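A.B. asks: My structure is below; once you've seen it, I'll send some questions.
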Amino acid sequence: MKKEVIVRVFDIVGGPLCVSAEDGQIIYEKIAPLIRQGHKIVVSFDRVETIISAFLNAAIGQLYGEFTEEQIRASISVRDMTNIDLSLLKRVVDNAKVYFKNKPSFDQAWKEELGDEE
Amino acid sequence: MIYYLPTIHSHHDGFESMANLASESKELLFDKLEIDFSRCRFFDANMAAPLAAVIAGVADNLNSIEIVNISTSIERILRKNRFLENYGYTALEDTNRTTIPFQRLQLSDGGRFEDYIQYHLKGKGIPDMSEGLGRIFKQSIFEVFQNVVIHSGSRLGVFVCGQFYPNLQRLDLTLADGGVGMRTNVRNYLKQNVSSVEAIRWALMQGHTTKTGSQPGGVGLTFLKEFITSNEGKIQIVSRQGFYEFQSGKEEVFKMESDYPGTVVNLEINTADTKTYRLMPEISPEDIF
């Protein structure tokens with residue numbers, strides 16, 4: 001395993017609010033290459049005040065689409081999170097595991113909604 | 001055309017009136033909509049958000065809008081929360097600090113929404129509202145906003161407004177959009193013609209999301225519902241012809257008579273709640289992945 005890297009969410013997002021999928025994507029793009037390179041990653045939420053599920057889905061949930069649970073467990077740890085945020089992250093992670101196991105193929109034709117009636 | 005707006009509360013009837021206004025004015029083009037408040041005895045201030053979303057749709061059809069015959073007491077409320085500023089009324093200072101003013105934002109205005117919430121939520125219900133509760137409430141509001149950004153496709157933007165009722169120890173915050181409604185997204189995803197009510201119920205279930213890309217979803221609304229349960233608050237969702245309300249462990253759903261042109265989410269929290277934050281189960285960072 002290579003050097004341990006700390007990903008400081010506050011510094012990357014530029015403030016205490018982690019409230020968009022867009023910002024989550026930025027964090028994902030920092031973390032994913034580090035896993036591929038075999039680093040150990042500590043994601044620090046120090047000074048972060050508010051985190052929502054869409055942010056965590058993008059930043060961390062998305063990793064389960066590319067890496068195995070074992071790879072993720074061996075590479076990532078989190079710190080400086082409140083109990084509320086840990087609980088939300090746990091849900092996001094559990095949900096992501098199921099999401100990628102059951103993900104249907106949407107390459108098939110997309111059927112547009114027909115009509116306006118209920 | 002003249003539309004006589006009845007009394008508007010954050011209840012099923014109030015939302016039905018908003019949807020009715022939208023249906024009645026649907027065909028209006030290059031014309032004028034006069035909203036007559038003479039039959040309106042009370043107006044819950046946070047309901048300015050869904051009203052504004054409907055009016056924005058009417059204005060988008062190049063109609064002029066006028067608000068007339070408004071009683072002094074309702075006028076005060078709607079000048080304090082700045083809703084009436086767009087219709088020729090000056091704003092009044094909110095001396096009691098109970099208002100979360102009306103604001104219209106574009107979906108790309110995430111940063112402005114963050115500033116708005118950070119600034120206006122301060123002091124509302126505090127010191128009654130504990131710091132922990134304030135945090136979860138803020139989290140819930142951002143969950144809703146992000147849902148609007150991801151799913152609504154609202155060309156008209158998002159409309160937000162709130163009101164603190166100190167005597168009731170309740171804080172309402174309402175977000176409305178002029179988007180496609182939950183029904184369209186769920187229909188496209190399931191490839192079934194589900195009703196608006198079915199679409200709302202479907203979206204509220206754990207793990208259900210209409211997202212199909214690399215980012216999972218389906219956690220936000222479940223989180224919201226659990227928070228509201230623990231807080232003994234209320235959540236109302238109106239989307240197209242669907243009305244959903246969850247309060248005190250009870251769900252109420254109706255098919256609305258008229259079609260609301262988008263989605264509204266109203267969160268009402270009990271600001272006196274001190275237990276929600278404390279009751280969260282202890283989770284170790286070691287047990288996450």
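Just remember, in the structure tokens the first chain shown is A, the second B, etc., residues are 1-based per chain, and ligands are 1-based in the order shown.
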Show which residues sit within 7 Å of A:Lys97, as a PyMOL selection string. Count only C-alpha atoms, and ignore same-chain residues fewer than 4 positions away.
C.D. replies: chain A and resi 64+93+101
A.B. asks: Within stretch 4-104 of chain A, find each residue whose DSSP state, derived from the backbone, is strand (DSSP E), and express the selection as number ranges by chain.
C.D. replies: A: 4-8, 17-18, 40-44, 50-51, 76-79
A.B. asks: Which polymer residues have any atom within 10 Å of an atom of B:Ala45, counting only C-alpha atoms, with same-chain residues fewer than 5 positions away left out, as a tab-separated table (two decimals) with N, CA and C atoms, in the first residue's frame?
C.D. replies:
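Saved the output as around-v6.tsv:
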chain	number	residue	atom	x	y	z
B	8	ILE	N	-56.09	30.87	2.12
B	8	ILE	CA	-55.05	29.89	1.78
B	8	ILE	C	-54.27	29.48	3.03
B	9	HIS	N	-54.42	28.22	3.40
B	9	HIS	CA	-53.59	27.63	4.46
B	9	HIS	C	-52.73	26.54	3.83
B	10	SER	N	-51.69	26.12	4.57
B	10	SER	CA	-50.86	25.00	4.08
B	10	SER	C	-51.60	23.68	4.30
B	74	ILE	N	-53.30	40.84	5.47
B	74	ILE	CA	-52.58	39.94	4.55
B	74	ILE	C	-51.49	40.71	3.81
B	77	ILE	N	-48.41	40.83	5.89
B	77	ILE	CA	-47.68	39.55	5.89
B	77	ILE	C	-46.87	39.40	4.61
B	78	LEU	N	-47.52	39.71	3.49
B	78	LEU	CA	-46.87	39.46	2.20
B	78	LEU	C	-45.91	40.58	1.78
B	79	ARG	N	-45.99	41.71	2.48
B	79	ARG	CA	-44.96	42.74	2.27
B	79	ARG	C	-43.75	42.42	3.14
B	80	LYS	N	-44.04	41.88	4.33
B	80	LYS	CA	-42.94	41.50	5.23
B	80	LYS	C	-42.08	40.40	4.60
B	81	ASN	N	-42.74	39.45	3.96
B	81	ASN	CA	-41.93	38.37	3.38
B	81	ASN	C	-41.51	38.68	1.93
B	83	PHE	N	-42.97	39.03	-0.82
B	83	PHE	CA	-43.63	38.46	-1.99
B	83	PHE	C	-44.26	39.57	-2.84
B	99	THR	N	-39.98	35.84	9.66
B	99	THR	CA	-40.14	35.57	8.23
B	99	THR	C	-38.88	35.00	7.60
B	100	ILE	N	-39.08	34.03	6.72
B	100	ILE	CA	-37.99	33.62	5.84
B	100	ILE	C	-38.45	34.09	4.46
B	101	PRO	N	-37.87	35.19	4.00
B	101	PRO	CA	-38.48	35.90	2.88
B	101	PRO	C	-38.60	35.08	1.59
B	102	PHE	N	-39.55	35.50	0.80
B	102	PHE	CA	-39.77	34.86	-0.50
B	102	PHE	C	-38.57	35.12	-1.41
B	161	CYS	N	-39.97	30.05	0.37
B	161	CYS	CA	-40.53	30.99	1.33
B	161	CYS	C	-40.79	30.25	2.64
B	162	GLY	N	-40.65	30.94	3.76
B	162	GLY	CA	-40.90	30.25	5.02
B	162	GLY	C	-41.49	31.17	6.06
B	163	GLN	N	-41.99	30.58	7.11
B	163	GLN	CA	-42.58	31.37	8.19
B	163	GLN	C	-42.39	30.65	9.51
B	164	PHE	N	-42.02	31.40	10.52
B	164	PHE	CA	-41.91	30.84	11.86
B	164	PHE	C	-43.12	31.27	12.66
B	172	ASP	N	-42.27	26.60	9.12
B	172	ASP	CA	-42.62	26.04	7.81
B	172	ASP	C	-41.66	26.59	6.76
B	173	LEU	N	-41.17	25.72	5.91
B	173	LEU	CA	-40.38	26.17	4.78
B	173	LEU	C	-40.87	25.44	3.54
B	174	THR	N	-41.19	26.21	2.54
B	174	THR	CA	-41.82	25.63	1.35
B	174	THR	C	-41.00	25.91	0.11
A.B. asks: Quick check, in Å to one decimal: how far apart do atom CA of A:Gly61 and atom CA of A:Asn95 lie?
C.D. replies: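 Atom CA of A:Gly61 sits 7.9 Å away from atom CA of A:Asn95.
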A.B. asks: Tell me, counting only C-alpha atoms, for each residue of chain A within 8 Å of chain B, which pair of atoms is nearest and how far apart they are in Å to one decimal, in rows ordered by chain and increasing number, as a tab-separated table.
C.D. replies:
residue	atom	partner	partner_atom	distance
A:Leu17	CA	B:Glu114	CA	7.9
A:Val19	CA	B:Phe142	CA	6.1
A:Ser20	CA	B:Gln146	CA	6.3
A:Ala21	CA	B:Gln146	CA	7.7
A:Glu49	CA	B:Arg135	CA	7.6
A:Thr50	CA	B:Gln139	CA	5.9
A:Ile51	CA	B:Gln139	CA	6.5
A:Ile52	CA	B:Glu143	CA	5.9
A:Ser53	CA	B:Gly220	CA	5.6
A:Ala54	CA	B:Gly217	CA	6.9
A:Asn57	CA	B:Pro216	CA	5.6
A:Ala58	CA	B:Gln215	CA	5.2
A:Gly61	CA	B:Pro216	CA	6.3
A:Gln62	CA	B:Gln215	CA	5.0
A:Gly65	CA	B:Ser214	CA	6.7
A:Glu69	CA	B:Phe289	CA	7.2
A:Ile72	CA	B:Phe289	CA	7.0
A:Arg73	CA	B:Phe289	CA	5.4
A:Ser77	CA	B:Pro285	CA	7.3
A:Val78	CA	B:Pro285	CA	6.3
A:Arg79	CA	B:Pro285	CA	7.0
A:Asn83	CA	B:Glu282	CA	6.3
A:Ile84	CA	B:Met280	CA	6.7
A:Leu86	CA	B:Ile283	CA	6.4
A:Ser87	CA	B:Ile283	CA	6.4
A:Leu88	CA	B:Phe223	CA	8.0
A:Leu89	CA	B:Ile288	CA	7.3
A:Lys90	CA	B:Ile288	CA	5.2
A:Arg91	CA	B:Val219	CA	7.1
A:Val92	CA	B:Val219	CA	6.6
A:Val93	CA	B:Phe289	CA	6.6
A:Asn95	CA	B:Gly207	CA	6.2
A:Ala96	CA	B:Pro216	CA	5.8
A:Tyr99	CA	B:Pro216	CA	6.3
A:Phe100	CA	B:Pro216	CA	7.9
A:Lys103	CA	B:Thr212	CA	7.9
A:Phe106	CA	B:Thr212	CA	7.1
A:Trp110	CA	B:Asn188	CA	7.2
A:Lys111	CA	B:Asn188	CA	6.1
A:Glu112	CA	B:Asn188	CA	5.7
A:Glu113	CA	B:Asn188	CA	5.8
A:Glu118	CA	B:Ser195	CA	5.1
A.B. asks: Considering only alpha helix (DSSP H) as DSSP defines it on the backbone, what residues of stretch 35-187 of chain B qualify? List them as an NGL selection string.
C.D. replies: :B and (48-60 or 72-80 or 110-120 or 131-147 or 182-187)
A.B. asks: List the spatial neighbours of B:Lys225 as a PyMOL selection string - criterion: any atom at most 10 Å away, only C-alpha atoms, same-chain residues fewer than 3 positions off excluded.
C.D. replies: chain B and resi 140+204-205+220-222+228-231+233-235+246-247+249+267
A.B. asks: May I have the selected residues written with N, CA and C atoms, as a compact mmCIF listing (two decimals), in the first residue's frame?
C.D. replies:
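The resulting file, part-v6.txt, is reproduced below:
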# COMPACT_ATOMS: atom_id res chain seq x y z
N SER B 140 -32.16 18.78 5.72
CA SER B 140 -33.40 18.38 5.04
C SER B 140 -33.76 19.36 3.92
N LEU B 204 -40.98 7.87 -2.25
CA LEU B 204 -40.68 7.96 -0.82
C LEU B 204 -40.13 6.66 -0.24
N MET B 205 -40.09 5.61 -1.05
CA MET B 205 -39.61 4.33 -0.52
C MET B 205 -38.09 4.23 -0.60
N GLY B 220 -32.44 10.32 0.21
CA GLY B 220 -32.83 11.64 0.70
C GLY B 220 -34.24 11.74 1.25
N LEU B 221 -35.23 11.28 0.50
CA LEU B 221 -36.62 11.44 0.93
C LEU B 221 -36.94 10.54 2.12
N THR B 222 -36.31 9.37 2.18
CA THR B 222 -36.54 8.48 3.33
C THR B 222 -35.98 9.13 4.59
N ILE B 228 -38.82 13.85 10.08
CA ILE B 228 -40.13 14.45 10.39
C ILE B 228 -40.88 13.59 11.42
N THR B 229 -40.75 12.28 11.32
CA THR B 229 -41.39 11.39 12.28
C THR B 229 -40.86 11.66 13.68
N SER B 230 -39.53 11.67 13.79
CA SER B 230 -38.91 11.84 15.09
C SER B 230 -39.17 13.24 15.66
N ASN B 231 -39.20 14.22 14.78
CA ASN B 231 -39.39 15.62 15.20
C ASN B 231 -40.86 15.96 15.49
N GLY B 233 -42.99 16.62 13.23
CA GLY B 233 -43.30 17.71 12.30
C GLY B 233 -44.27 17.23 11.23
N LYS B 234 -44.18 17.88 10.09
CA LYS B 234 -45.13 17.55 9.01
C LYS B 234 -44.43 17.73 7.67
N ILE B 235 -44.72 16.85 6.74
CA ILE B 235 -44.22 17.03 5.38
C ILE B 235 -45.41 16.94 4.43
N PHE B 246 -47.72 13.78 5.50
CA PHE B 246 -47.30 12.86 6.55
C PHE B 246 -47.15 13.63 7.84
N GLN B 247 -47.90 13.21 8.85
CA GLN B 247 -47.85 13.90 10.15
C GLN B 247 -48.31 12.92 11.22
N GLY B 249 -47.23 10.15 12.25
CA GLY B 249 -47.24 8.75 11.84
C GLY B 249 -48.33 8.40 10.83
N LEU B 267 -42.05 21.65 4.40
CA LEU B 267 -41.55 21.01 5.62
C LEU B 267 -41.97 21.85 6.80
